[in-house]
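Engineer: To start, I am sharing the structure in question, which I have written as structure tokens.
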Amino acid sequence: MEKLEARIRNHDREIEKMCNFHYQGFVDSITELLKVRGEAQKLKNQVTDTNRKLQNEGKELIIAMEELKQCRLQQRNISATVDKLMLCLPVLEMYSKLREQMKSKRHYPALKTLEHLEHTYLPQVSHYRFCKIMVDNIPKLREEIKEVSMSDLKDFLESIRKHSDKIGETAMKQAQQQRNLDNIVSQHPRIGGGKKSKKEVCAGSDLEVKNTSPMSEQDSGILDVEDEEEDEEVPGAQDLVDFSPVHRCLHIYSVLGARETFENYYRKQRRKQARLVLQPPSNMHETLDGYRKYFNQIVGFFVVEDHILHTTQGLVNRAYIDELWELALSKTIAALRTHSSYCSDPNLVLDLKNLIVLFADTLQGYGFPVNQLFDMLLEIRDQYSETLLKKWSGVFRNILDSDNYSPIPVANEEIYKKIVGQFPFQDAELEKQPFPKKFPFSEFVPKVYSQIKEFIYACLKFSEDLHLRSQQRAGGSFLLRLLLPLQDLPSSCSTEVDDMIRKSTNLLLTRTLSNCLQTVIKRRNIGLTELVQIIINTTHLEKSCRFLEEFITNITNVLPETVHTTKLYGTTTFKDARHAAEEEIYTNLNQKIDQFLQLVDYDWMAAEPGSRASDYLIDLIAFLRSTFAVFTHLPGKVAQTACMSACKHLSTSLMQLLLEVEVRQLTLGALQQFNLDVEECEQFARSGPVPGFQGDTLQLAFIDLRQLLDLFLHWDWSTYLADYGQPTCKYLRVNPTTALTLLEKMKDTSRKNNVFAQFRKNERDKQKLIDTVAKQLRSLINSHHL
């Protein structure tokens with residue numbers, strides 16, 4: 001420590017020495033420093049002033065620099081913002097475009113825009129919050145597009161359902177125009193494919209929906225063609241429909257990966273609509289418009305489906321179309337079969353036939369098989385024939401009811417030629433007679449003949465307007481059935497039409513006309529004069545059948561000698577009617593005879609006969625004479641048969657009068673009076689009321705009565721009993737039972753005639769004889785039965 005302290009003291013001495021050595025310099029330095037201090041103060045003041053001045057002067061610069069700094073900062077921020085906005089603006093523009101497209105219902109372009117936005121633009125700016133919001137909204141936007149496009153499709157389907165009849169009507173008009181054109185140029189090859197060309201145009205058109213026409217994308221359904229003039233060309237059915245909603249929706253669902261869902265939905269909805277379209281209204285059969293609207297709806301439905309088939313890739317396929325068409329065919333044919341059966345107007349059935357042909361031809365033009373529809377026309381043809389028969393039944397009834405059943409009087413040549421022009425009648429003797437004269441038949445003959453020809457024309461109408469084009473499409477089977485014009489047909493086709501006409505005419509003759517004639521003949525109030533005229537009329541109609549054959553041959557160009565040609569059965573019909581009229585004459589005559597016989601008032605207990613025949617019989621004979629005088633115009637042996645039938649009926653009725661149970665007793669005087677009446681009848685028979693009988697043929701009608709009366713009046717029992725059963729017997733026609741019945745009546749009379757008769761020998765002998773004869777007759781009857 002001592003050393004240290006000594007060391008310190010040494011250093012202090014050195015420092016002191018040094019300081020002393022430099023003290024002057026130090027003082028000088030201090031002096032200098034004080035001077036410098038003064039100068040420094042001055043300089044400080046100058047610097048302070050300068051600084052103050054500089055500060056005062058630099059404030060504006062500082063502010064300007066500060067502003068410059070701020071501007072530079074803003075410039076950098078703006079530049080950065082512009083760069084970021086350049087990235088965001090396309091996203092916003094695409095989003096704005098998306099919204100605009102959705103607002104204008106351009107859904108397919110909107111979906112495409114959404115895809116570009118999602119996959120191209122949003123990944124570049126995905127860190128921004130608004131982009132995240134957009135990304136979150138993309139599924140919602142897709143679903144919104146999907147729902148809106150589906151809504152458009154639903155509107156389209158509803159519009160198509162409501163306007164399918166308009167579509168079908170237009171398609172059928174187009175088919176009608178094409179058919180008319182084909183008929184005009186049938187001898188030349190068809191130029192242009194008609195409907196085929198339009199279908200090719202449709203199939204070859206651009207399937208993508210154009211985005212440049214918002215209005216076309218908004219339209220869905222039927223375009224307005226109501227103001228179209230009749231003389232303008234009918235637009236194609238596809239031209240009436242805007243199919244863009246279907247294409248848009250299909251593309252949208254395809255992009256969204258839900259094409260199968262869309263296809264299933266579309267097909268399901270169209271199947272439902274098909275069932276609605278194929279359901280006919282309950283009153284469809286009342287008017288042709290009902291059938292037309294029904295057909296229009298079906299055609300409209302399948303025109304749309306056909307277009308969809310050819311303009312979309314797999315939305316519908318041929319199997320689906322064929323399935324719907326099979327359903328439509330079965331439903332349509334069933335509906336036609338049901339509703340046509342209610343139709344009683346042949347004109348409506350004819351119009352329906354034409355409509356079915358046009359309906360089938362229209363759909364066939366779109367490639368649908370329609371053979372079953374053409375086959376259905378055969379059933380419609382039968383229905384048409386039935387309605388014609390019903391109509392003509394009324395026509396014939398009116399003709400027959402309004403006829404006066406008197407020969408037609410002819411006053412001059414004009415009337416004569418008019419009637420001969422209506423009905424094929426030739427009679428040289430009648431032509432030679434001067435006017436006025438009469439035709440042998442009444443007015444219903446030419447009227448009925450004319451109506452039969454009208455019926456044939458009506459049958460022929462069913463074969464009209466069935467154009468060759470439809471037949472050829474349908475195949476050869478139907479081509480051989482119904483074609484027009486007949487003169488242009490192959491022989492086999494003409495034969496088919498000829499056969500149809502002949503069969504229908506046969507039904508008219510054998511069923512309709514025959515029933516009408518039978519009804520007239522069987523009327524209660526019909527008289528003998530009317531029946532006679534009917535026989536004459538049917539005779540002339542029977543002769544006219546060969547002219548009907550020629551008439552059919554002329555209009556069908558099928559010769560009667562052709563194999564399998566159906567023959568007319570008119571002769572049989574008129575023969576049957578004539579026979580029925582003849583039978584009715586016989587029946588009517590018998591009824592008249594019965595009416596006279598109801599006036600019979602025999603006194604069966606009379607002791608003596610009168611001086612002449614009974615009054616009722618004289619009146620009856622007079623009636624028969626006047627009646628048979630009218631029968632002279634009857635053909636064949638009708639008059640002879642009627643006369644013989646009346647005489648036989650009179651003979652039988654007189655025999656029943658003599659033998660009836662109510663006549664319990666019978667005197668010889670009454671029998672003699674009865675004999676006078678029979679003699680009057682025999683006299684009538686001998687007088688020949690109807691020419692043509694040989695010898696005493698007509699008298700044979702009364703032979704039974706004559707032999708019976710002779711047996712009792714001559715009391716020739718011995719001869720009767722001895723010769724009974726021999727061919728040469730005088731009383732061969734006298735039945736033992738009849739003789740016994742009459743004998744019993746006279747036997748009772750003899751017993752009760754006089755109380756004292758038993759005491760008279762003659763009476764007793766007579767009574768014994770009667771008893772003996774009666775006993776022998778009973779024995780004869782018993783032996784005959786054994």
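Residues in the structure tokens are named by chain (A, B, ... in the order shown) and by number from 1 within that chain; ligands are numbered from 1 in the order shown.
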Give me the residues of segment 524-622 of chain A that have any atom at most 9 Å from an atom of segment 403-416 of chain A; for each, the nearest atom pair and the distance in Å, rounded to one decimal. Use only C-alpha atoms, sort by chain and number, and format it as JSON lines.

Structural biologist:
{"residue": "A:Thr529", "atom": "CA", "partner": "A:Tyr405", "partner_atom": "CA", "distance": 7.8}
{"residue": "A:Glu530", "atom": "CA", "partner": "A:Tyr405", "partner_atom": "CA", "distance": 5.5}
{"residue": "A:Leu531", "atom": "CA", "partner": "A:Tyr405", "partner_atom": "CA", "distance": 8.5}
{"residue": "A:Val532", "atom": "CA", "partner": "A:Tyr405", "partner_atom": "CA", "distance": 8.8}
{"residue": "A:Gln533", "atom": "CA", "partner": "A:Tyr405", "partner_atom": "CA", "distance": 5.8}
{"residue": "A:Ile534", "atom": "CA", "partner": "A:Tyr405", "partner_atom": "CA", "distance": 7.3}
{"residue": "A:Asn537", "atom": "CA", "partner": "A:Tyr405", "partner_atom": "CA", "distance": 9.0}

Engineer: Which distance in Å separates atom CA of Val255 of chain A and atom CA of Glu93 of chain A, to one decimal?

Structural biologist: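 Straight-line distance from atom CA of Val255 of chain A to atom CA of Glu93 of chain A works out to 22.2 Å.
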
Engineer: Please identify the alpha helix (DSSP H) residues within segment 48-146 of chain A (assignment by DSSP from backbone atoms) and present them as number ranges by chain.

Structural biologist: A: 48-103, 107-116, 129-146

Engineer: Using only C-alpha atoms, which residues sit within 12 Å of Lys146 of chain A once same-chain residues fewer than 5 positions away are excluded, as an MDAnalysis selection string?

Structural biologist: chainID A and resid 102 105:108 110:111 139:141 151:153 248:259 261:262

Engineer: How would the residues just chosen look if you wrote them out with N, CA and C atoms as a PDB file, in the first residue's frame?

Structural biologist:
ATOM      1  N   MET A 102     -79.574 -14.498 -66.078  1.00  0.00           N
ATOM      2  CA  MET A 102     -80.641 -15.132 -65.317  1.00  0.00           C
ATOM      3  C   MET A 102     -81.892 -14.258 -65.289  1.00  0.00           C
ATOM      4  N   LYS A 105     -83.693 -14.708 -68.356  1.00  0.00           N
ATOM      5  CA  LYS A 105     -84.091 -16.105 -68.515  1.00  0.00           C
ATOM      6  C   LYS A 105     -83.275 -16.832 -69.591  1.00  0.00           C
ATOM      7  N   ARG A 106     -82.021 -16.392 -69.740  1.00  0.00           N
ATOM      8  CA  ARG A 106     -81.096 -17.087 -70.633  1.00  0.00           C
ATOM      9  C   ARG A 106     -80.289 -18.058 -69.786  1.00  0.00           C
ATOM     10  N   HIS A 107     -80.966 -19.150 -69.439  1.00  0.00           N
ATOM     11  CA  HIS A 107     -80.421 -19.999 -68.389  1.00  0.00           C
ATOM     12  C   HIS A 107     -79.234 -20.825 -68.858  1.00  0.00           C
ATOM     13  N   TYR A 108     -79.306 -21.321 -70.086  1.00  0.00           N
ATOM     14  CA  TYR A 108     -78.170 -22.112 -70.546  1.00  0.00           C
ATOM     15  C   TYR A 108     -76.905 -21.264 -70.665  1.00  0.00           C
ATOM     16  N   ALA A 110     -76.302 -18.652 -68.950  1.00  0.00           N
ATOM     17  CA  ALA A 110     -75.971 -18.340 -67.554  1.00  0.00           C
ATOM     18  C   ALA A 110     -75.191 -19.488 -66.924  1.00  0.00           C
ATOM     19  N   LEU A 111     -75.603 -20.712 -67.269  1.00  0.00           N
ATOM     20  CA  LEU A 111     -74.891 -21.865 -66.719  1.00  0.00           C
ATOM     21  C   LEU A 111     -73.465 -21.936 -67.267  1.00  0.00           C
ATOM     22  N   PRO A 139     -73.568 -23.110 -55.834  1.00  0.00           N
ATOM     23  CA  PRO A 139     -74.560 -24.211 -55.818  1.00  0.00           C
ATOM     24  C   PRO A 139     -76.007 -23.695 -55.817  1.00  0.00           C
ATOM     25  N   LYS A 140     -76.244 -22.599 -55.094  1.00  0.00           N
ATOM     26  CA  LYS A 140     -77.589 -22.038 -55.071  1.00  0.00           C
ATOM     27  C   LYS A 140     -77.984 -21.520 -56.453  1.00  0.00           C
ATOM     28  N   LEU A 141     -77.008 -20.880 -57.115  1.00  0.00           N
ATOM     29  CA  LEU A 141     -77.301 -20.379 -58.465  1.00  0.00           C
ATOM     30  C   LEU A 141     -77.601 -21.541 -59.418  1.00  0.00           C
ATOM     31  N   SER A 151     -89.112 -24.967 -64.633  1.00  0.00           N
ATOM     32  CA  SER A 151     -90.375 -24.227 -64.681  1.00  0.00           C
ATOM     33  C   SER A 151     -90.737 -23.864 -66.115  1.00  0.00           C
ATOM     34  N   ASP A 152     -89.724 -23.439 -66.883  1.00  0.00           N
ATOM     35  CA  ASP A 152     -89.968 -23.153 -68.306  1.00  0.00           C
ATOM     36  C   ASP A 152     -90.424 -24.402 -69.043  1.00  0.00           C
ATOM     37  N   LEU A 153     -89.808 -25.535 -68.716  1.00  0.00           N
ATOM     38  CA  LEU A 153     -90.216 -26.776 -69.357  1.00  0.00           C
ATOM     39  C   LEU A 153     -91.658 -27.122 -69.011  1.00  0.00           C
ATOM     40  N   ARG A 248     -83.068 -26.105 -74.114  1.00  0.00           N
ATOM     41  CA  ARG A 248     -82.342 -25.432 -73.022  1.00  0.00           C
ATOM     42  C   ARG A 248     -82.308 -26.315 -71.786  1.00  0.00           C
ATOM     43  N   CYS A 249     -83.460 -26.805 -71.441  1.00  0.00           N
ATOM     44  CA  CYS A 249     -83.536 -27.616 -70.215  1.00  0.00           C
ATOM     45  C   CYS A 249     -82.691 -28.883 -70.364  1.00  0.00           C
ATOM     46  N   LEU A 250     -82.730 -29.482 -71.549  1.00  0.00           N
ATOM     47  CA  LEU A 250     -81.926 -30.680 -71.771  1.00  0.00           C
ATOM     48  C   LEU A 250     -80.438 -30.370 -71.646  1.00  0.00           C
ATOM     49  N   HIS A 251     -79.984 -29.286 -72.257  1.00  0.00           N
ATOM     50  CA  HIS A 251     -78.575 -28.918 -72.168  1.00  0.00           C
ATOM     51  C   HIS A 251     -78.199 -28.573 -70.738  1.00  0.00           C
ATOM     52  N   ILE A 252     -79.075 -27.847 -70.063  1.00  0.00           N
ATOM     53  CA  ILE A 252     -78.790 -27.455 -68.673  1.00  0.00           C
ATOM     54  C   ILE A 252     -78.631 -28.686 -67.793  1.00  0.00           C
ATOM     55  N   TYR A 253     -79.568 -29.600 -67.907  1.00  0.00           N
ATOM     56  CA  TYR A 253     -79.497 -30.805 -67.073  1.00  0.00           C
ATOM     57  C   TYR A 253     -78.314 -31.671 -67.476  1.00  0.00           C
ATOM     58  N   SER A 254     -77.983 -31.647 -68.765  1.00  0.00           N
ATOM     59  CA  SER A 254     -76.805 -32.410 -69.199  1.00  0.00           C
ATOM     60  C   SER A 254     -75.545 -31.825 -68.573  1.00  0.00           C
ATOM     61  N   VAL A 255     -75.433 -30.494 -68.583  1.00  0.00           N
ATOM     62  CA  VAL A 255     -74.274 -29.841 -67.979  1.00  0.00           C
ATOM     63  C   VAL A 255     -74.218 -30.102 -66.478  1.00  0.00           C
ATOM     64  N   LEU A 256     -75.398 -30.115 -65.856  1.00  0.00           N
ATOM     65  CA  LEU A 256     -75.455 -30.327 -64.411  1.00  0.00           C
ATOM     66  C   LEU A 256     -75.320 -31.795 -64.030  1.00  0.00           C
ATOM     67  N   GLY A 257     -75.208 -32.682 -65.047  1.00  0.00           N
ATOM     68  CA  GLY A 257     -75.045 -34.097 -64.752  1.00  0.00           C
ATOM     69  C   GLY A 257     -76.327 -34.781 -64.344  1.00  0.00           C
ATOM     70  N   ALA A 258     -77.464 -34.165 -64.678  1.00  0.00           N
ATOM     71  CA  ALA A 258     -78.761 -34.748 -64.291  1.00  0.00           C
ATOM     72  C   ALA A 258     -79.608 -35.036 -65.527  1.00  0.00           C
ATOM     73  N   ARG A 259     -78.968 -35.405 -66.616  1.00  0.00           N
ATOM     74  CA  ARG A 259     -79.708 -35.662 -67.867  1.00  0.00           C
ATOM     75  C   ARG A 259     -80.709 -36.797 -67.694  1.00  0.00           C
ATOM     76  N   THR A 261     -82.261 -37.755 -65.042  1.00  0.00           N
ATOM     77  CA  THR A 261     -83.415 -37.259 -64.282  1.00  0.00           C
ATOM     78  C   THR A 261     -84.362 -36.477 -65.187  1.00  0.00           C
ATOM     79  N   PHE A 262     -83.776 -35.632 -66.028  1.00  0.00           N
ATOM     80  CA  PHE A 262     -84.596 -34.843 -66.946  1.00  0.00           C
ATOM     81  C   PHE A 262     -85.342 -35.743 -67.933  1.00  0.00           C
TER      82      PHE A 262
END

Engineer: Mind listing the strand (DSSP E) residues of segment 258-451 of chain A, per DSSP on the backbone, as a count of residues only?

Structural biologist: 4

Engineer: Which residues come within 12 Å of Ala274 of chain A, counting only C-alpha atoms, excluding same-chain residues fewer than 2 positions away, as an MDAnalysis selection string?

Structural biologist: chainID A and resid 157 160:161 164 267:272 276:280 294 297:302 304:305 321 323:329 331:332

Engineer: So that I can check the surroundings of Leu541 of chain A, please list as a PDB file with all heavy atoms, in the first residue's frame every protein, DNA and RNA residue that reaches within 8 Å of it, counting only C-alpha atoms and ignoring chain neighbours fewer than 2 positions away.

Structural biologist:
ATOM      1  N   VAL A 445    -143.082 -48.363-106.976  1.00  0.00           N
ATOM      2  CA  VAL A 445    -142.131 -49.146-107.766  1.00  0.00           C
ATOM      3  C   VAL A 445    -140.985 -48.262-108.280  1.00  0.00           C
ATOM      4  O   VAL A 445    -139.812 -48.549-108.006  1.00  0.00           O
ATOM      5  CB  VAL A 445    -142.849 -49.871-108.911  1.00  0.00           C
ATOM      6  CG1 VAL A 445    -141.828 -50.499-109.871  1.00  0.00           C
ATOM      7  CG2 VAL A 445    -143.766 -50.948-108.365  1.00  0.00           C
ATOM      8  N   TYR A 449    -137.144 -48.326-106.697  1.00  0.00           N
ATOM      9  CA  TYR A 449    -136.034 -48.613-107.606  1.00  0.00           C
ATOM     10  C   TYR A 449    -135.008 -47.476-107.565  1.00  0.00           C
ATOM     11  O   TYR A 449    -133.794 -47.720-107.503  1.00  0.00           O
ATOM     12  CB  TYR A 449    -136.574 -48.804-109.021  1.00  0.00           C
ATOM     13  CG  TYR A 449    -135.511 -49.205-110.027  1.00  0.00           C
ATOM     14  CD1 TYR A 449    -135.090 -50.527-110.140  1.00  0.00           C
ATOM     15  CD2 TYR A 449    -134.930 -48.255-110.863  1.00  0.00           C
ATOM     16  CE1 TYR A 449    -134.111 -50.887-111.058  1.00  0.00           C
ATOM     17  CE2 TYR A 449    -133.954 -48.603-111.784  1.00  0.00           C
ATOM     18  CZ  TYR A 449    -133.546 -49.930-111.878  1.00  0.00           C
ATOM     19  OH  TYR A 449    -132.575 -50.283-112.784  1.00  0.00           O
ATOM     20  N   ASN A 537    -146.647 -55.066-108.010  1.00  0.00           N
ATOM     21  CA  ASN A 537    -145.447 -54.233-107.863  1.00  0.00           C
ATOM     22  C   ASN A 537    -144.191 -55.074-107.669  1.00  0.00           C
ATOM     23  O   ASN A 537    -143.147 -54.823-108.296  1.00  0.00           O
ATOM     24  CB  ASN A 537    -145.617 -53.279-106.682  1.00  0.00           C
ATOM     25  CG  ASN A 537    -146.643 -52.196-106.961  1.00  0.00           C
ATOM     26  OD1 ASN A 537    -147.098 -52.026-108.081  1.00  0.00           O
ATOM     27  ND2 ASN A 537    -147.018 -51.456-105.933  1.00  0.00           N
ATOM     28  N   THR A 538    -144.280 -56.055-106.783  1.00  0.00           N
ATOM     29  CA  THR A 538    -143.100 -56.886-106.511  1.00  0.00           C
ATOM     30  C   THR A 538    -142.721 -57.707-107.739  1.00  0.00           C
ATOM     31  O   THR A 538    -141.531 -58.006-107.947  1.00  0.00           O
ATOM     32  CB  THR A 538    -143.360 -57.816-105.316  1.00  0.00           C
ATOM     33  OG1 THR A 538    -144.583 -58.533-105.524  1.00  0.00           O
ATOM     34  CG2 THR A 538    -143.450 -57.027-104.028  1.00  0.00           C
ATOM     35  N   THR A 539    -143.697 -58.055-108.562  1.00  0.00           N
ATOM     36  CA  THR A 539    -143.380 -58.772-109.798  1.00  0.00           C
ATOM     37  C   THR A 539    -142.525 -57.914-110.711  1.00  0.00           C
ATOM     38  O   THR A 539    -141.513 -58.366-111.281  1.00  0.00           O
ATOM     39  CB  THR A 539    -144.669 -59.185-110.512  1.00  0.00           C
ATOM     40  OG1 THR A 539    -145.450 -60.003-109.644  1.00  0.00           O
ATOM     41  CG2 THR A 539    -144.354 -59.967-111.783  1.00  0.00           C
ATOM     42  N   LYS A 543    -138.418 -58.249-111.821  1.00  0.00           N
ATOM     43  CA  LYS A 543    -137.909 -58.211-113.192  1.00  0.00           C
ATOM     44  C   LYS A 543    -136.812 -57.162-113.352  1.00  0.00           C
ATOM     45  O   LYS A 543    -135.956 -57.285-114.232  1.00  0.00           O
ATOM     46  CB  LYS A 543    -139.049 -57.911-114.161  1.00  0.00           C
ATOM     47  CG  LYS A 543    -140.093 -59.013-114.254  1.00  0.00           C
ATOM     48  CD  LYS A 543    -141.218 -58.621-115.202  1.00  0.00           C
ATOM     49  CE  LYS A 543    -142.290 -59.709-115.286  1.00  0.00           C
ATOM     50  NZ  LYS A 543    -143.406 -59.309-116.180  1.00  0.00           N
ATOM     51  N   SER A 544    -136.825 -56.133-112.490  1.00  0.00           N
ATOM     52  CA  SER A 544    -135.835 -55.054-112.618  1.00  0.00           C
ATOM     53  C   SER A 544    -134.490 -55.394-111.996  1.00  0.00           C
ATOM     54  O   SER A 544    -133.541 -54.620-112.123  1.00  0.00           O
ATOM     55  CB  SER A 544    -136.370 -53.775-111.965  1.00  0.00           C
ATOM     56  OG  SER A 544    -136.411 -53.904-110.550  1.00  0.00           O
ATOM     57  N   CYS A 545    -134.401 -56.545-111.328  1.00  0.00           N
ATOM     58  CA  CYS A 545    -133.144 -56.881-110.644  1.00  0.00           C
ATOM     59  C   CYS A 545    -131.978 -57.006-111.614  1.00  0.00           C
ATOM     60  O   CYS A 545    -130.841 -56.666-111.286  1.00  0.00           O
ATOM     61  CB  CYS A 545    -133.313 -58.179-109.851  1.00  0.00           C
ATOM     62  SG  CYS A 545    -134.295 -57.967-108.352  1.00  0.00           S
ATOM     63  N   PHE A 574    -138.206 -60.242-103.548  1.00  0.00           N
ATOM     64  CA  PHE A 574    -139.515 -59.877-104.090  1.00  0.00           C
ATOM     65  C   PHE A 574    -140.429 -61.097-104.212  1.00  0.00           C
ATOM     66  O   PHE A 574    -141.652 -60.972-104.068  1.00  0.00           O
ATOM     67  CB  PHE A 574    -139.338 -59.181-105.441  1.00  0.00           C
ATOM     68  CG  PHE A 574    -138.567 -57.893-105.332  1.00  0.00           C
ATOM     69  CD1 PHE A 574    -137.418 -57.669-106.077  1.00  0.00           C
ATOM     70  CD2 PHE A 574    -138.981 -56.900-104.458  1.00  0.00           C
ATOM     71  CE1 PHE A 574    -136.707 -56.496-105.964  1.00  0.00           C
ATOM     72  CE2 PHE A 574    -138.264 -55.718-104.342  1.00  0.00           C
ATOM     73  CZ  PHE A 574    -137.128 -55.521-105.090  1.00  0.00           C
TER      74      PHE A 574
END

Engineer: Would you kindly return, as a ChimeraX atom specification, each protein, DNA or RNA residue with an atom no farther than 12 Å from any atom of His540 of chain A, considering only C-alpha atoms and excluding same-chain residues fewer than 3 positions away?

Structural biologist: /A:423-427,439-446,448-449,533-537,543-547,570-571,574-575,578,634-635

Engineer: Could you write out the selected residues, including C-alpha atoms, as a JSON list (two decimals), in the first residue's frame?

Structural biologist:
[["chain", "number", "residue", "atom", "x", "y", "z"],
["A", 423, "PHE", "CA", -137.84, -47.40, -113.80],
["A", 424, "PRO", "CA", -136.82, -49.84, -116.59],
["A", 425, "PHE", "CA", -140.24, -50.83, -117.95],
["A", 426, "GLN", "CA", -141.10, -51.88, -121.45],
["A", 427, "ASP", "CA", -144.53, -52.96, -122.64],
["A", 439, "PHE", "CA", -148.89, -48.30, -115.73],
["A", 440, "PRO", "CA", -149.68, -51.64, -114.10],
["A", 441, "PHE", "CA", -147.64, -50.76, -110.98],
["A", 442, "SER", "CA", -148.13, -48.04, -108.39],
["A", 443, "GLU", "CA", -145.81, -45.15, -107.57],
["A", 444, "PHE", "CA", -143.74, -47.02, -105.02],
["A", 445, "VAL", "CA", -142.13, -49.15, -107.77],
["A", 446, "PRO", "CA", -140.12, -46.35, -109.48],
["A", 448, "VAL", "CA", -138.15, -47.87, -104.52],
["A", 449, "TYR", "CA", -136.03, -48.61, -107.61],
["A", 533, "GLN", "CA", -151.19, -54.19, -106.13],
["A", 534, "ILE", "CA", -148.25, -55.23, -103.93],
["A", 535, "ILE", "CA", -148.08, -58.54, -105.78],
["A", 536, "ILE", "CA", -148.05, -56.70, -109.11],
["A", 537, "ASN", "CA", -145.45, -54.23, -107.86],
["A", 543, "LYS", "CA", -137.91, -58.21, -113.19],
["A", 544, "SER", "CA", -135.84, -55.05, -112.62],
["A", 545, "CYS", "CA", -133.14, -56.88, -110.64],
["A", 546, "ARG", "CA", -131.14, -57.62, -113.77],
["A", 547, "PHE", "CA", -131.02, -53.88, -114.47],
["A", 570, "GLY", "CA", -133.45, -59.22, -105.16],
["A", 571, "THR", "CA", -135.51, -61.82, -106.97],
["A", 574, "PHE", "CA", -139.52, -59.88, -104.09],
["A", 575, "LYS", "CA", -140.65, -63.46, -104.47],
["A", 578, "ARG", "CA", -145.10, -61.67, -103.18],
["A", 634, "LEU", "CA", -152.51, -61.01, -110.74],
["A", 635, "PRO", "CA", -149.59, -62.90, -112.26]]

Engineer: Please determine, counting only C-alpha atoms, which residue among A:Leu358, A:Cys647, A:Leu709, A:Ala175 has the shortest atom-to-atom distance to Arg686 of chain A.

Structural biologist: A:Cys647

Engineer: Between atom CA of Leu780 of chain A and atom CA of Leu659 of chain A, measure the distance and give it in Å to one decimal.

Structural biologist: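 Atom CA of Leu659 of chain A lies at a distance of 19.4 Å from atom CA of Leu780 of chain A.
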